[in-house]
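Student: Mind looking over this structure? Questions follow.
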Amino acid sequence: MIEDTPSHPFAAPMLSAPAMLAESAGDAAFATTLAKGLIVLEAFDAAAPLLGNMQISARTGIPRPTVARLTHTLAELGYLRYDPALSKYGLGTRALRIVRPLLADMPFRQLARPLMQDLAVSVRGTVSIGLLDGPSIIYVETARSGDVGPHSPDIGLPIPVVRTAMGRAAVALLPDDEAAVLATRLAAADATTWESYAELYRSGLAQCAERGFCTCFGEYMPAIHAVAAPLFRAKSLQRTFAINCGIPEFRLQPGQLEAEIGPRLRALAASIRALVGEPEPVIPQRNNAAAP
(Lines give C-alpha, C1' and ligand atoms only; values in the text may rest on other atoms or scores of the structure.)
Protein backbone atom coordinates (compact mmCIF):
# COMPACT_ATOMS: atom_id res chain seq x y z
CA MET A 1 0.00 0.00 0.00
CA ILE A 2 1.28 3.49 -0.86
CA GLU A 3 1.41 5.78 2.15
CA ASP A 4 0.14 9.34 1.74
CA THR A 5 2.41 10.80 4.43
CA PRO A 6 6.05 11.76 3.84
CA SER A 7 8.74 9.36 5.04
CA HIS A 8 10.91 12.33 6.07
CA PRO A 9 9.14 14.51 8.69
CA PHE A 10 9.34 18.25 8.07
CA ALA A 11 11.17 18.70 11.34
CA ALA A 12 13.99 16.40 10.27
CA PRO A 13 17.09 17.92 8.67
CA MET A 14 16.40 17.77 4.94
CA LEU A 15 18.65 16.24 2.31
CA SER A 16 19.50 18.15 -0.84
CA ALA A 17 17.09 17.50 -3.69
CA PRO A 18 19.56 15.32 -5.68
CA ALA A 19 20.38 13.31 -2.54
CA MET A 20 16.69 12.84 -1.82
CA LEU A 21 16.20 11.65 -5.41
CA ALA A 22 18.92 9.03 -4.98
CA GLU A 23 17.66 7.91 -1.57
CA SER A 24 14.06 7.53 -2.77
CA ALA A 25 14.83 5.46 -5.87
CA GLY A 26 12.85 2.48 -4.59
CA ASP A 27 9.92 4.44 -3.14
CA ALA A 28 6.76 3.73 -5.15
CA ALA A 29 5.11 6.89 -3.80
CA PHE A 30 7.99 9.14 -4.88
CA ALA A 31 7.24 11.14 -8.07
CA THR A 32 10.64 11.04 -9.75
CA THR A 33 9.75 13.29 -12.69
CA LEU A 34 8.40 15.96 -10.36
CA ALA A 35 11.55 15.71 -8.23
CA LYS A 36 13.76 16.17 -11.29
CA GLY A 37 11.76 19.23 -12.34
CA LEU A 38 12.28 20.80 -8.92
CA ILE A 39 15.99 19.98 -9.07
CA VAL A 40 16.15 21.84 -12.39
CA LEU A 41 14.58 24.90 -10.76
CA GLU A 42 17.14 24.73 -7.94
CA ALA A 43 20.01 24.75 -10.45
CA PHE A 44 19.63 28.51 -10.93
CA ASP A 45 21.21 31.00 -8.53
CA ALA A 46 22.31 34.61 -8.43
CA ALA A 47 25.70 33.71 -9.89
CA ALA A 48 24.09 31.82 -12.76
CA PRO A 49 20.67 33.36 -13.51
CA LEU A 50 20.72 32.03 -17.10
CA LEU A 51 21.61 28.44 -17.97
CA GLY A 52 21.52 26.28 -21.07
CA ASN A 53 20.36 22.68 -21.02
CA MET A 54 23.93 21.37 -21.04
CA GLN A 55 24.82 23.57 -18.06
CA ILE A 56 21.74 22.44 -16.16
CA SER A 57 22.60 18.83 -16.91
CA ALA A 58 26.15 19.33 -15.60
CA ARG A 59 24.87 21.05 -12.44
CA THR A 60 22.18 18.48 -11.64
CA GLY A 61 23.48 15.20 -13.02
CA ILE A 62 20.24 14.76 -14.97
CA PRO A 63 20.77 13.60 -18.60
CA ARG A 64 20.49 16.38 -21.18
CA PRO A 65 17.49 14.89 -23.09
CA THR A 66 15.55 14.73 -19.81
CA VAL A 67 16.61 18.27 -18.93
CA ALA A 68 15.41 19.48 -22.35
CA ARG A 69 11.94 18.03 -21.75
CA LEU A 70 11.77 19.46 -18.23
CA THR A 71 12.92 22.96 -19.20
CA HIS A 72 10.44 23.05 -22.09
CA THR A 73 7.60 22.03 -19.78
CA LEU A 74 8.62 24.47 -17.04
CA ALA A 75 8.87 27.28 -19.59
CA GLU A 76 5.41 26.48 -20.94
CA LEU A 77 4.07 26.69 -17.38
CA GLY A 78 5.85 29.99 -16.71
CA TYR A 79 8.29 28.72 -14.07
CA LEU A 80 11.15 29.25 -16.52
CA ARG A 81 11.61 31.83 -19.27
CA TYR A 82 13.53 31.17 -22.46
CA ASP A 83 15.99 33.64 -24.00
CA PRO A 84 16.17 32.70 -27.71
CA ALA A 85 19.13 35.01 -28.36
CA LEU A 86 21.26 33.12 -25.83
CA SER A 87 19.49 29.75 -26.03
CA LYS A 88 19.31 29.77 -22.26
CA TYR A 89 16.67 29.62 -19.56
CA GLY A 90 16.11 31.71 -16.45
CA LEU A 91 13.56 31.55 -13.67
CA GLY A 92 10.13 32.80 -14.68
CA THR A 93 7.80 35.16 -12.88
CA ARG A 94 5.48 32.33 -11.83
CA ALA A 95 8.22 31.01 -9.51
CA LEU A 96 7.55 33.97 -7.23
CA ARG A 97 4.05 32.62 -6.55
CA ILE A 98 5.58 29.67 -4.70
CA VAL A 99 7.69 31.89 -2.43
CA ARG A 100 5.02 34.37 -1.38
CA PRO A 101 2.82 32.02 0.72
CA LEU A 102 5.88 30.82 2.64
CA LEU A 103 7.01 34.34 3.48
CA ALA A 104 3.45 35.35 4.34
CA ASP A 105 3.42 32.52 6.87
CA MET A 106 6.23 34.30 8.77
CA PRO A 107 4.51 37.55 9.81
CA PHE A 108 6.96 38.07 12.68
CA ARG A 109 9.46 39.33 10.09
CA GLN A 110 7.62 42.64 9.75
CA LEU A 111 7.49 43.09 13.53
CA ALA A 112 11.18 42.33 13.87
CA ARG A 113 12.45 44.50 11.02
CA PRO A 114 12.43 47.94 12.75
CA LEU A 115 14.40 46.50 15.68
CA MET A 116 16.81 44.84 13.26
CA GLN A 117 17.26 48.08 11.34
CA ASP A 118 18.13 49.98 14.52
CA LEU A 119 20.93 47.56 15.35
CA ALA A 120 22.19 47.42 11.76
CA VAL A 121 22.51 51.21 11.61
CA SER A 122 24.08 51.38 15.06
CA VAL A 123 26.86 48.90 14.27
CA ARG A 124 27.12 49.79 10.56
CA GLY A 125 26.49 46.26 9.41
CA THR A 126 23.69 43.87 8.48
CA VAL A 127 21.17 42.08 10.68
CA SER A 128 19.31 39.13 9.22
CA ILE A 129 16.98 36.28 10.15
CA GLY A 130 17.54 32.85 8.65
CA LEU A 131 15.44 29.69 8.37
CA LEU A 132 17.23 26.35 8.75
CA ASP A 133 17.00 24.09 5.70
CA GLY A 134 19.18 21.07 6.29
CA PRO A 135 22.78 21.87 5.26
CA SER A 136 21.88 25.50 4.57
CA ILE A 137 20.21 28.38 6.32
CA ILE A 138 18.18 30.71 4.11
CA TYR A 139 17.72 34.44 4.67
CA VAL A 140 14.05 35.34 5.19
CA GLU A 141 14.50 38.93 6.42
CA THR A 142 17.37 41.38 6.41
CA ALA A 143 18.20 44.95 7.41
CA ARG A 144 21.35 46.86 6.63
CA SER A 145 23.12 50.13 7.15
CA GLY A 146 24.51 52.11 4.21
CA ASP A 147 27.85 50.68 3.12
CA VAL A 148 28.12 47.08 4.31
CA GLY A 149 31.11 46.11 2.24
CA PRO A 150 31.31 43.01 0.03
CA HIS A 151 28.42 41.09 1.60
CA SER A 152 24.88 42.34 1.00
CA PRO A 153 22.53 39.54 2.09
CA ASP A 154 19.05 39.39 0.63
CA ILE A 155 15.91 37.30 1.12
CA GLY A 156 16.29 33.84 -0.37
CA LEU A 157 20.08 33.67 -0.11
CA PRO A 158 21.26 30.28 1.23
CA ILE A 159 24.48 30.06 3.22
CA PRO A 160 26.16 26.93 4.59
CA VAL A 161 25.39 25.79 8.13
CA VAL A 162 28.87 24.45 8.86
CA ARG A 163 30.81 27.65 8.11
CA THR A 164 28.46 30.34 9.46
CA ALA A 165 27.47 31.68 12.85
CA MET A 166 23.80 31.85 11.85
CA GLY A 167 23.79 28.22 10.74
CA ARG A 168 25.38 27.07 13.99
CA ALA A 169 22.95 29.18 16.06
CA ALA A 170 20.00 27.55 14.33
CA VAL A 171 21.36 24.04 14.79
CA ALA A 172 21.81 24.80 18.49
CA LEU A 173 18.00 24.81 18.75
CA LEU A 174 17.61 21.29 17.38
CA PRO A 175 16.96 18.31 19.65
CA ASP A 176 19.97 16.06 20.06
CA ASP A 177 18.70 13.37 17.67
CA GLU A 178 18.05 15.82 14.83
CA ALA A 179 21.36 17.60 15.38
CA ALA A 180 23.15 14.24 15.20
CA VAL A 181 21.37 13.27 11.97
CA LEU A 182 22.26 16.61 10.42
CA ALA A 183 25.92 16.30 11.45
CA THR A 184 26.10 12.86 9.85
CA ARG A 185 24.64 14.19 6.63
CA LEU A 186 26.94 17.21 6.61
CA ALA A 187 29.98 14.99 7.01
CA ALA A 188 28.80 12.61 4.28
CA ALA A 189 27.92 15.40 1.83
CA ASP A 190 31.29 17.19 1.99
CA ALA A 191 33.91 15.36 4.01
CA THR A 192 36.64 17.92 3.28
CA THR A 193 34.60 20.89 4.52
CA TRP A 194 33.40 18.95 7.54
CA GLU A 195 36.93 17.98 8.50
CA SER A 196 38.07 21.60 8.17
CA TYR A 197 35.21 23.21 10.12
CA ALA A 198 33.76 20.54 12.44
CA GLU A 199 35.64 21.79 15.49
CA LEU A 200 34.51 25.39 14.92
CA TYR A 201 30.97 24.14 14.23
CA ARG A 202 30.87 22.25 17.53
CA SER A 203 32.37 25.23 19.32
CA GLY A 204 29.56 27.40 17.95
CA LEU A 205 26.92 25.08 19.37
CA ALA A 206 28.65 25.16 22.75
CA GLN A 207 28.89 28.97 22.68
CA CYS A 208 25.14 29.24 22.07
CA ALA A 209 24.43 27.09 25.11
CA GLU A 210 26.92 29.00 27.31
CA ARG A 211 26.26 32.62 26.38
CA GLY A 212 23.30 32.69 23.97
CA PHE A 213 25.27 33.55 20.82
CA CYS A 214 28.21 32.36 18.77
CA THR A 215 30.86 34.09 16.66
CA CYS A 216 32.40 33.52 13.25
CA PHE A 217 35.61 35.29 12.24
CA GLY A 218 35.73 35.28 8.46
CA GLU A 219 35.08 31.55 8.08
CA TYR A 220 32.46 32.11 5.37
CA MET A 221 33.59 35.49 3.96
CA PRO A 222 37.09 36.54 5.05
CA ALA A 223 36.24 40.25 5.15
CA ILE A 224 33.11 39.79 7.27
CA HIS A 225 32.95 38.85 10.95
CA ALA A 226 29.61 37.74 12.32
CA VAL A 227 27.75 36.89 15.48
CA ALA A 228 24.48 34.96 15.64
CA ALA A 229 21.90 34.00 18.25
CA PRO A 230 19.27 31.27 18.28
CA LEU A 231 15.86 32.88 17.74
CA PHE A 232 13.13 30.26 18.11
CA ARG A 233 11.83 26.96 16.83
CA ALA A 234 8.25 27.53 15.69
CA LYS A 235 5.81 25.01 17.12
CA SER A 236 3.90 24.78 13.84
CA LEU A 237 5.89 22.80 11.26
CA GLN A 238 8.99 22.95 13.51
CA ARG A 239 10.66 25.77 11.59
CA THR A 240 13.95 26.80 13.15
CA PHE A 241 15.13 30.43 13.03
CA ALA A 242 18.32 32.24 14.00
CA ILE A 243 19.40 35.88 13.78
CA ASN A 244 22.82 37.22 12.87
CA CYS A 245 24.79 40.43 12.59
CA GLY A 246 27.60 40.76 10.04
CA ILE A 247 30.13 43.59 10.12
CA PRO A 248 33.15 44.31 7.91
CA GLU A 249 36.28 43.31 9.81
CA PHE A 250 37.89 46.74 9.49
CA ARG A 251 35.06 48.35 11.48
CA LEU A 252 35.52 46.14 14.52
CA GLN A 253 37.71 46.73 17.56
CA PRO A 254 39.42 43.68 19.12
CA GLY A 255 36.93 41.81 21.31
CA GLN A 256 34.00 44.03 20.28
CA LEU A 257 32.07 41.21 18.63
CA GLU A 258 32.05 39.09 21.79
CA ALA A 259 31.83 41.82 24.43
CA GLU A 260 29.37 44.26 22.85
CA ILE A 261 27.63 43.13 19.68
CA GLY A 262 26.95 39.54 20.75
CA PRO A 263 25.08 40.57 23.92
CA ARG A 264 23.15 43.22 21.96
CA LEU A 265 22.10 40.63 19.38
CA ARG A 266 21.08 38.20 22.14
CA ALA A 267 18.93 40.98 23.64
CA LEU A 268 17.43 41.70 20.20
CA ALA A 269 16.49 38.03 19.81
CA ALA A 270 14.77 38.15 23.21
CA SER A 271 12.85 41.30 22.19
CA ILE A 272 11.64 39.65 18.98
CA ARG A 273 10.49 36.57 20.89
CA ALA A 274 8.58 38.79 23.31
CA LEU A 275 6.88 40.57 20.39
CA VAL A 276 5.63 37.32 18.85
CA GLY A 277 4.96 35.38 22.06
CA GLU A 278 7.71 32.79 21.67
CA PRO A 279 9.36 31.49 24.86
CA GLU A 280 13.08 31.71 25.47
CA PRO A 281 14.59 28.57 23.95
CA VAL A 282 16.34 25.95 26.00
CA ILE A 283 19.69 25.32 24.31
CA PRO A 284 21.05 21.80 24.91
CA GLN A 285 24.47 21.73 26.53
CA ARG A 286 26.82 20.38 23.90
CA ASN A 287 30.50 20.55 24.64
CA ASN A 288 33.09 19.98 21.94
CA ALA A 289 33.39 16.30 22.76
CA ALA A 290 29.68 15.53 22.93
CA ALA A 291 28.45 17.74 20.07
CA PRO A 292 27.53 15.99 16.79
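Letters A, B, ... go to the chains of the C-alpha coordinates in the order shown; residues in each chain start at 1; ligands are counted from 1 in the same order.
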Which residues are near Glu76 in chain A? Cut-off 12 Å, only C-alpha atoms, ignore same chain within fewer than 6 positions. Put them as a ChimeraX atom specification.

Tutor: /A:69-70,82,89,92,94

Student: Compile a residue-level contact table for range 130-229 of chain A against range 42-59 of chain A at a cut-off of 10 Å, reporting for every qualifying residue the shortest atom pair and its distance in Å to one decimal, with only C-alpha atoms counted, rows ordered by chain and ascending number, as CSV.

Tutor:
```
residue,atom,partner,partner_atom,distance
A:Gly156,CA,A:Asp45,CA,9.9
A:Leu157,CA,A:Ala46,CA,8.7
A:Pro158,CA,A:Asp45,CA,9.8
```

Student: Quick one: write out the picked residues with N, CA and C atoms as a CSV table (one decimal), in the first residue's frame?

Tutor:
```
chain,number,residue,atom,x,y,z
A,156,GLY,N,16.1,35.0,0.5
A,156,GLY,CA,16.3,33.8,-0.4
A,156,GLY,C,17.7,33.3,-0.5
A,157,LEU,N,18.7,34.1,0.0
A,157,LEU,CA,20.1,33.7,-0.1
A,157,LEU,C,20.4,32.5,0.8
A,158,PRO,N,20.9,31.4,0.3
A,158,PRO,CA,21.3,30.3,1.2
A,158,PRO,C,22.7,30.4,1.6
```
